[in-house]
Number of protein chains: 4
Amino acid sequence: MDEKQTFIAEARRLQIVDATIKTLDEIGYIHASMAQIAKRAGISTALISYHFRDKNELMDDTLKKLVSDMNTYVLERTSATIGPHDKLRAYIEASIAYQAGRPSSNYALIEIVFHARTVDDVPYYKLDDDEEDPLESELQQILRMGQEQKEFGEFDVQVMASAIQGAIDEYAFNGKLKGSVDPHSYSKELVNMFNRAVRRDIS
Amino acid sequence: MDEKQTFIAEARRLQIVDATIKTLDEIGYIHASMAQIAKRAGISTALISYHFRDKNELMDDTLKKLVSDMNTYVLERTSATIGPHDKLRAYIEASIAYQAGRPSSNYALIEIVFHARTVDDVPYYKLDDDEEDPLESELQQILRMGQEQKEFGEFDVQVMASAIQGAIDEYAFNGKLKGSVDPHSYSKELVNMFNRAVRRDIS
Amino acid sequence: MDEKQTFIAEARRLQIVDATIKTLDEIGYIHASMAQIAKRAGISTALISYHFRDKNELMDDTLKKLVSDMNTYVLERTSATIGPHDKLRAYIEASIAYQAGRPSSNYALIEIVFHARTVDDVPYYKLDDDEEDPLESELQQILRMGQEQKEFGEFDVQVMASAIQGAIDEYAFNGKLKGSVDPHSYSKELVNMFNRAVRRDIS
Amino acid sequence: MDEKQTFIAEARRLQIVDATIKTLDEIGYIHASMAQIAKRAGISTALISYHFRDKNELMDDTLKKLVSDMNTYVLERTSATIGPHDKLRAYIEASIAYQAGRPSSNYALIEIVFHARTVDDVPYYKLDDDEEDPLESELQQILRMGQEQKEFGEFDVQVMASAIQGAIDEYAFNGKLKGSVDPHSYSKELVNMFNRAVRRDIS
DNA sequence: AATGAATGAGTTTTCATTCAT
DNA sequence: GATGAATGAAAACTCATTCAT
């Protein structure tokens, strides 16, 4: 009984989060008012307030879901491979594929990350905290593994990881790029390029 | 007389644009109300409305100035060098240096690009139009030149350019990265890395 | 069976009224939402709506209980005495003692009287109806008795009663007074003072 | 020029405060929304927000005006008399006359005092602070003067002052009393009564 | 009898914009 | 050119009340 009620409430929360993602994708963070989200969820704004303390909590939960979904998707695919070269390829391909496969989630994520702020009013993207980003960790670990196994050459792991991530994110941020290069080609090219960037110098 | 008035008006517009940049950097796009901008400019909101048709135009002009300043800075420095390798190095170094040297402009640019929208309500970052981005063109031209002169190997120019730009932008977007790697080191590492990525395969 | 149900219902109503008093004392009428009252009663707001037609009825019943409790307390003590002087003393002492002994009830009463309104939207304190106030009647009767028995002098009974009541109420309304004079001293002084005020002029 | 603008703004503020008093009198604190006040002032709610930081400031300013007006009225009349007996009479008569002459102000004052709260959420009437109430001070001083000049007998000055004030306030709070005794009679009776209460015992 | 879920009406406040001066 | 004054629209949020279960 109690579980059933919690189940209903949880379903509602999920529905609202989904409507939030849809809204963010369609009209952007700035216009994503409670009314707009409620309209897309087919409910009243008061019901959102009933399930979420305030708009901040709603956006926070939505962000958490988006990040968690993406992390799961990418990490599952890198775990399924062995060896630094294959893992790097899997990481790049999965990241691009995720973006390409769920454009709504992708845009919603961008809208939140670049608009939402912490309680101290610091934008998320400026944040310089200790909190660990699982994807960043995984990527750095792959690179470090490659160096230890002498498959990769010498380079700063953090910088290389950032460059790879930046190249991936560029596909998310750059409408023109997305419009003229299909995701499969883009990830294939990226893999080749970074294979050259990480390889040991042949003396 | 007429010129003088235009001159005064132009100075006022510039002052307002500068206040807008300051405001965007300090409190972000969402809180950047006309009142906040006016406060920083030391004028009334009505005067902003007098000089700019609406907030959209103000943000548009601000964006144009930010982009133009950055373009000028980077293009001046790549023009001063010769040969694909040196030009690529100059491009990367100038891009990072610009970001590092003007954090306010940098953050203001990000805030606008990821929040403002065209009249058709399309976010700038999703935009897939024909308008040419001078930096992108320059970077692609450098890469193409390198390939023609057989200094660079085979790769998709657009993808390589996007990866380079993405790696550069990552430094702007990633607070943690900025906090732990100084700009000089980052650009140096990036130059080395992309030198490997673009080089011809030595068979 | 029916009685039992009524009994349970009555207990529930009483519990809700008590929670209302607690809420009024703690956070005041304005913040005394159904949710706040329900929280203090440990039940849902819907249950309050089930037992009371609307918030008005709840406040009305609460007011009735508060007034009735106070009336009972004071009237019991005046009934236990004989003669106008002793009765007047008993009335004053009991009134102050009641206030001092139940600050919660006292504040709840004030909050309702000065905030709630009749269905015709008339504040209770402005009300000029025929409804008899038992305390006022008792006080007037004491004064009248004193005059008839030649123990008290000539004065307008209604005005004297109002003055006595006003002096008593002042102790309820005036935080500073309450903070600097203890209830026992206050009622003792009041008794002396009004003994002089009501006495016959010694010609 | 600057003065003129300030003058206009000040007139507006006064107009809004007057509309607030009218609103409080007519529909009470709880229903006195910004919209209701704006309606009575013939302006938009936004204009109220333009002239007052928030509703709290509006109510605070309104309370200050109400208290200040009343204090001025009463103190002017007591100052115009000499000697404790005459001053006491003037105090009582002026207090009642003020209430009777401006019922709207009187009710508005009651509505605010019993509804508004400090930033720490303490109701004004519960407040036990050091802030001096000019009327209370004046009344106590009159009583003290009477005792020093041997015109008044022995009694606790604070209690006597509270009783007098309570008797006066009763006329403000008690609709039934107001409906059946005219203010002139009430103050006359009060003066006689308290003359007996303060007089020296004739041994 | 009791409650979680849901809503419409209403709250204060902010904002871009307009206009008389 | 410049501004104080003013507003309509929209924002997030609260609340008393209803209803299916």
# chains A, B, ... in the order shown; residues from 1 in each chain; ligands from 1
call {"tool": "residues_around", "arguments": {"residues": "DT12 (chain E)", "least_positions_apart": "6", "cutoff": "10 Å", "atoms": "only C-alpha atoms (C1' of nucleotides)", "output": "list of chain:residue names"}}
result
D:Ser33, D:Met34, D:Ala35, D:Thr45, D:Ser49, D:Asp54, D:Lys55, F:DA12, F:DC13
call {"tool": "write_last_selection", "arguments": {"atoms": "C-alpha atoms (C1' of nucleotides)", "output": "compact mmCIF listing (two decimals), in the first residue's frame"}}
result
# COMPACT_ATOMS: atom_id res chain seq x y z
CA SER D 33 -3.22 42.28 -0.61
CA MET D 34 -1.14 44.55 -2.77
CA ALA D 35 -3.85 44.24 -5.39
CA THR D 45 0.54 46.88 -7.86
CA SER D 49 6.62 47.80 -5.45
CA ASP D 54 8.29 45.10 -0.20
CA LYS D 55 5.01 44.72 1.62
C1' DA F 12 7.49 31.09 -8.48
C1' DC F 13 5.07 29.71 -4.89
call {"tool": "interface_residues", "arguments": {"of": "chain E", "to": "chain D", "cutoff": "10 Å", "atoms": "only C-alpha atoms (C1' of nucleotides)", "output": "list in words"}}
result
DG10, DT11, DT12, DT13 and DT14 of chain E
call {"tool": "write_last_selection", "arguments": {"atoms": "N, CA and C atoms (P, O5', C5', C4', C3', O3' and C1' of nucleotides)", "output": "compact mmCIF listing (two decimals), in the first residue's frame"}}
result
# COMPACT_ATOMS: atom_id res chain seq x y z
P DG E 10 -9.52 34.40 -6.91
O5' DG E 10 -8.25 34.81 -6.06
C5' DG E 10 -8.05 34.21 -4.78
C4' DG E 10 -6.61 34.40 -4.35
C3' DG E 10 -6.05 35.79 -4.70
O3' DG E 10 -5.55 36.41 -3.53
C1' DG E 10 -4.55 34.07 -5.33
P DT E 11 -5.07 37.87 -3.54
O5' DT E 11 -3.56 37.75 -3.09
C5' DT E 11 -3.24 36.93 -1.96
C4' DT E 11 -1.76 36.69 -1.90
C3' DT E 11 -0.90 37.86 -2.36
O3' DT E 11 -0.64 38.73 -1.27
C1' DT E 11 -0.10 35.77 -3.25
P DT E 12 -0.11 40.17 -1.50
O5' DT E 12 1.42 39.93 -1.87
C5' DT E 12 2.29 39.37 -0.88
C4' DT E 12 3.64 39.08 -1.49
C3' DT E 12 4.44 40.33 -1.88
O3' DT E 12 5.78 40.14 -1.45
C1' DT E 12 4.19 38.94 -3.78
P DT E 13 6.81 41.36 -1.47
O5' DT E 13 7.52 41.17 -2.88
C5' DT E 13 8.11 39.91 -3.17
C4' DT E 13 8.50 39.85 -4.63
C3' DT E 13 9.24 41.10 -5.16
O3' DT E 13 10.55 40.68 -5.49
C1' DT E 13 7.62 40.31 -6.71
P DT E 14 11.64 41.78 -5.96
O5' DT E 14 11.77 41.44 -7.52
C5' DT E 14 11.83 40.09 -7.93
C4' DT E 14 11.82 40.04 -9.44
C3' DT E 14 12.68 41.11 -10.11
O3' DT E 14 13.46 40.47 -11.13
C1' DT E 14 10.48 41.19 -10.97
call {"tool": "select_by_dssp", "arguments": {"residues": "region 99-167 of chain C", "states": "alpha helix (DSSP H)", "output": "count of residues only"}}
result
42
call {"tool": "closest_atom_pairs", "arguments": {"of": "chain F", "to": "chain B", "cutoff": "12 Å", "atoms": "only C-alpha atoms (C1' of nucleotides)", "output": "JSON lines"}}
result
{"residue": "F:DG1", "atom": "C1'", "partner": "B:Leu47", "partner_atom": "CA", "distance": 8.5}
{"residue": "F:DA2", "atom": "C1'", "partner": "B:Leu47", "partner_atom": "CA", "distance": 6.4}
{"residue": "F:DT3", "atom": "C1'", "partner": "B:Ser44", "partner_atom": "CA", "distance": 6.5}
{"residue": "F:DG4", "atom": "C1'", "partner": "B:Ser44", "partner_atom": "CA", "distance": 9.1}
{"residue": "F:DA5", "atom": "C1'", "partner": "B:Ala46", "partner_atom": "CA", "distance": 11.0}
call {"tool": "write_last_selection", "arguments": {"atoms": "N, CA and C atoms (P, O5', C5', C4', C3', O3' and C1' of nucleotides)", "output": "mmCIF file, in the first residue's frame"}}
result
data_model
loop_
_atom_site.group_PDB
_atom_site.id
_atom_site.type_symbol
_atom_site.label_atom_id
_atom_site.label_comp_id
_atom_site.auth_asym_id
_atom_site.auth_seq_id
_atom_site.Cartn_x
_atom_site.Cartn_y
_atom_site.Cartn_z
ATOM 1 P P DG F 1 22.317 61.338 -29.363
ATOM 2 O "O5'" DG F 1 22.411 61.806 -27.886
ATOM 3 C "C5'" DG F 1 21.272 62.541 -27.379
ATOM 4 C "C4'" DG F 1 21.667 62.873 -25.956
ATOM 5 C "C3'" DG F 1 21.722 61.643 -25.068
ATOM 6 O "O3'" DG F 1 22.569 61.941 -23.962
ATOM 7 C "C1'" DG F 1 19.834 62.932 -24.511
ATOM 8 P P DA F 2 22.989 60.884 -22.913
ATOM 9 O "O5'" DA F 2 21.760 60.960 -21.912
ATOM 10 C "C5'" DA F 2 21.757 61.990 -20.932
ATOM 11 C "C4'" DA F 2 20.546 61.852 -20.058
ATOM 12 C "C3'" DA F 2 20.338 60.461 -19.439
ATOM 13 O "O3'" DA F 2 20.588 60.585 -18.047
ATOM 14 C "C1'" DA F 2 18.302 61.425 -20.212
ATOM 15 P P DT F 3 20.476 59.279 -17.142
ATOM 16 O "O5'" DT F 3 19.018 59.490 -16.550
ATOM 17 C "C5'" DT F 3 18.717 60.734 -15.927
ATOM 18 C "C4'" DT F 3 17.276 60.735 -15.472
ATOM 19 C "C3'" DT F 3 16.851 59.436 -14.780
ATOM 20 O "O3'" DT F 3 16.193 59.771 -13.588
ATOM 21 C "C1'" DT F 3 15.291 60.017 -16.441
ATOM 22 P P DG F 4 16.414 58.920 -12.289
ATOM 23 O "O5'" DG F 4 14.997 59.198 -11.617
ATOM 24 C "C5'" DG F 4 14.519 60.534 -11.519
ATOM 25 C "C4'" DG F 4 13.004 60.553 -11.560
ATOM 26 C "C3'" DG F 4 12.330 59.569 -10.633
ATOM 27 O "O3'" DG F 4 11.154 60.204 -10.133
ATOM 28 C "C1'" DG F 4 11.712 59.077 -12.863
ATOM 29 P P DA F 5 10.219 59.512 -9.135
ATOM 30 O "O5'" DA F 5 9.047 59.012 -10.091
ATOM 31 C "C5'" DA F 5 8.371 59.970 -10.902
ATOM 32 C "C4'" DA F 5 7.334 59.290 -11.771
ATOM 33 C "C3'" DA F 5 6.478 58.261 -11.037
ATOM 34 O "O3'" DA F 5 5.120 58.512 -11.373
ATOM 35 C "C1'" DA F 5 7.417 57.293 -12.969
#
call {"tool": "interface_residues", "arguments": {"of": "chain D", "to": "chain C", "cutoff": "6 Å", "atoms": "only C-alpha atoms", "output": "PyMOL selection string"}}
result
chain D and resi 125-128+163+166-167+170+173-176+193+196-197
call {"tool": "write_last_selection", "arguments": {"atoms": "N, CA and C atoms", "output": "short mmCIF file (atom, residue, chain, number, x, y, z; two decimals), in the first residue's frame"}}
result
data_model
loop_
_atom_site.label_atom_id
_atom_site.label_comp_id
_atom_site.auth_asym_id
_atom_site.auth_seq_id
_atom_site.Cartn_x
_atom_site.Cartn_y
_atom_site.Cartn_z
N TYR D 125 2.65 43.08 19.43
CA TYR D 125 2.04 43.21 20.75
C TYR D 125 2.74 42.36 21.81
N LYS D 126 3.50 41.34 21.36
CA LYS D 126 4.25 40.53 22.33
C LYS D 126 5.60 41.16 22.65
N LEU D 127 5.96 42.12 21.84
CA LEU D 127 7.30 42.71 21.93
C LEU D 127 7.58 43.29 23.32
N ASP D 128 8.75 42.98 23.81
CA ASP D 128 9.13 43.43 25.14
C ASP D 128 10.49 44.12 25.04
N ALA D 163 -3.43 50.65 33.45
CA ALA D 163 -4.87 50.57 33.64
C ALA D 163 -5.57 51.69 32.87
N GLY D 166 -5.32 50.89 29.25
CA GLY D 166 -6.21 49.78 28.95
C GLY D 166 -7.65 50.23 28.85
N ALA D 167 -8.06 51.09 29.76
CA ALA D 167 -9.43 51.59 29.74
C ALA D 167 -9.68 52.40 28.47
N GLU D 170 -9.77 49.97 25.48
CA GLU D 170 -11.00 49.19 25.46
C GLU D 170 -12.03 49.84 24.54
N PHE D 173 -11.18 48.79 21.07
CA PHE D 173 -11.30 47.36 20.74
C PHE D 173 -12.73 46.84 20.82
N ASN D 174 -13.56 47.53 21.57
CA ASN D 174 -14.85 46.97 21.92
C ASN D 174 -15.98 47.63 21.14
N GLY D 175 -16.40 46.94 20.10
CA GLY D 175 -17.43 47.48 19.23
C GLY D 175 -18.73 47.76 19.97
N LYS D 176 -19.08 46.86 20.88
CA LYS D 176 -20.34 47.02 21.59
C LYS D 176 -20.31 48.28 22.45
N MET D 193 -13.54 58.62 37.13
CA MET D 193 -13.14 57.37 37.74
C MET D 193 -11.67 57.39 38.13
N ARG D 196 -10.71 59.52 41.07
CA ARG D 196 -10.87 58.83 42.35
C ARG D 196 -9.75 57.82 42.58
N ALA D 197 -9.36 57.14 41.50
CA ALA D 197 -8.35 56.09 41.64
C ALA D 197 -6.98 56.64 42.04
#
call {"tool": "residues_around", "arguments": {"residues": "region 81-84 of chain D", "least_positions_apart": "2", "cutoff": "12 Å", "atoms": "only C-alpha atoms (C1' of nucleotides)", "output": "PDB file with C-alpha atoms, in the first residue's frame"}}
result
ATOM      1  CA  VAL D  74      -2.380  63.486  22.071  1.00  0.00           C
ATOM      2  CA  LEU D  75       0.917  65.081  23.098  1.00  0.00           C
ATOM      3  CA  GLU D  76      -0.059  68.447  21.640  1.00  0.00           C
ATOM      4  CA  ARG D  77      -3.153  68.463  23.804  1.00  0.00           C
ATOM      5  CA  THR D  78      -1.445  67.432  27.015  1.00  0.00           C
ATOM      6  CA  SER D  79       1.296  70.006  26.489  1.00  0.00           C
ATOM      7  CA  ASP D  86      -5.592  68.770  33.969  1.00  0.00           C
ATOM      8  CA  LYS D  87      -2.900  66.899  32.090  1.00  0.00           C
ATOM      9  CA  LEU D  88      -4.447  63.561  32.994  1.00  0.00           C
ATOM     10  CA  ARG D  89      -7.833  64.790  31.864  1.00  0.00           C
ATOM     11  CA  ALA D  90      -6.338  66.086  28.624  1.00  0.00           C
ATOM     12  CA  TYR D  91      -4.568  62.798  28.011  1.00  0.00           C
ATOM     13  CA  ALA D  94      -7.472  63.444  23.611  1.00  0.00           C
ATOM     14  CA  GLU D 138       4.031  61.014  29.055  1.00  0.00           C
ATOM     15  CA  LEU D 139       1.325  59.286  31.021  1.00  0.00           C
ATOM     16  CA  GLN D 140       3.776  57.927  33.583  1.00  0.00           C
ATOM     17  CA  GLN D 141       5.364  61.329  33.901  1.00  0.00           C
ATOM     18  CA  ILE D 142       2.006  62.951  34.583  1.00  0.00           C
ATOM     19  CA  LEU D 143       1.301  60.399  37.291  1.00  0.00           C
ATOM     20  CA  ARG D 144       4.744  60.836  38.833  1.00  0.00           C
ATOM     21  CA  MET D 145       4.360  64.593  38.793  1.00  0.00           C
ATOM     22  CA  GLY D 146       1.031  64.240  40.592  1.00  0.00           C
ATOM     23  CA  GLN D 147       2.612  62.132  43.300  1.00  0.00           C
ATOM     24  CA  GLU D 148       5.543  64.520  43.766  1.00  0.00           C
ATOM     25  CA  GLN D 149       3.189  67.462  44.069  1.00  0.00           C
ATOM     26  CA  LYS D 150       1.177  65.492  46.646  1.00  0.00           C
ATOM     27  CA  GLU D 151      -1.915  65.810  44.471  1.00  0.00           C
ATOM     28  CA  PHE D 152      -1.992  62.069  43.822  1.00  0.00           C
ATOM     29  CA  ASN D 195      -9.536  60.964  39.540  1.00  0.00           C
ATOM     30  CA  VAL D 198      -5.331  58.387  41.891  1.00  0.00           C
ATOM     31  CA  ARG D 199      -6.426  60.658  44.702  1.00  0.00           C
TER      32      ARG D 199
END
call {"tool": "decode", "arguments": {"residues": "chain E", "atoms": "C-alpha atoms (C1' of nucleotides)", "output": "short mmCIF file (atom, residue, chain, number, x, y, z; two decimals), in the first residue's frame"}}
result
data_model
loop_
_atom_site.label_atom_id
_atom_site.label_comp_id
_atom_site.auth_asym_id
_atom_site.auth_seq_id
_atom_site.Cartn_x
_atom_site.Cartn_y
_atom_site.Cartn_z
"C1'" DA E 1 -12.20 7.43 9.09
"C1'" DA E 2 -8.23 8.81 6.79
"C1'" DT E 3 -4.93 10.23 3.27
"C1'" DG E 4 -2.03 11.20 -0.85
"C1'" DA E 5 -2.72 13.40 -4.89
"C1'" DA E 6 -4.31 17.16 -7.34
"C1'" DT E 7 -5.93 21.83 -8.57
"C1'" DG E 8 -7.61 26.77 -9.26
"C1'" DA E 9 -7.33 30.87 -7.28
"C1'" DG E 10 -4.55 34.07 -5.33
"C1'" DT E 11 -0.10 35.77 -3.25
"C1'" DT E 12 4.19 38.94 -3.78
"C1'" DT E 13 7.62 40.31 -6.71
"C1'" DT E 14 10.48 41.19 -10.97
"C1'" DC E 15 11.01 42.77 -15.42
"C1'" DA E 16 11.35 45.04 -20.08
"C1'" DT E 17 9.38 48.63 -21.90
"C1'" DT E 18 6.97 53.24 -22.51
"C1'" DC E 19 6.19 58.04 -21.82
"C1'" DA E 20 5.94 62.83 -20.11
"C1'" DT E 21 9.09 65.97 -18.79
#
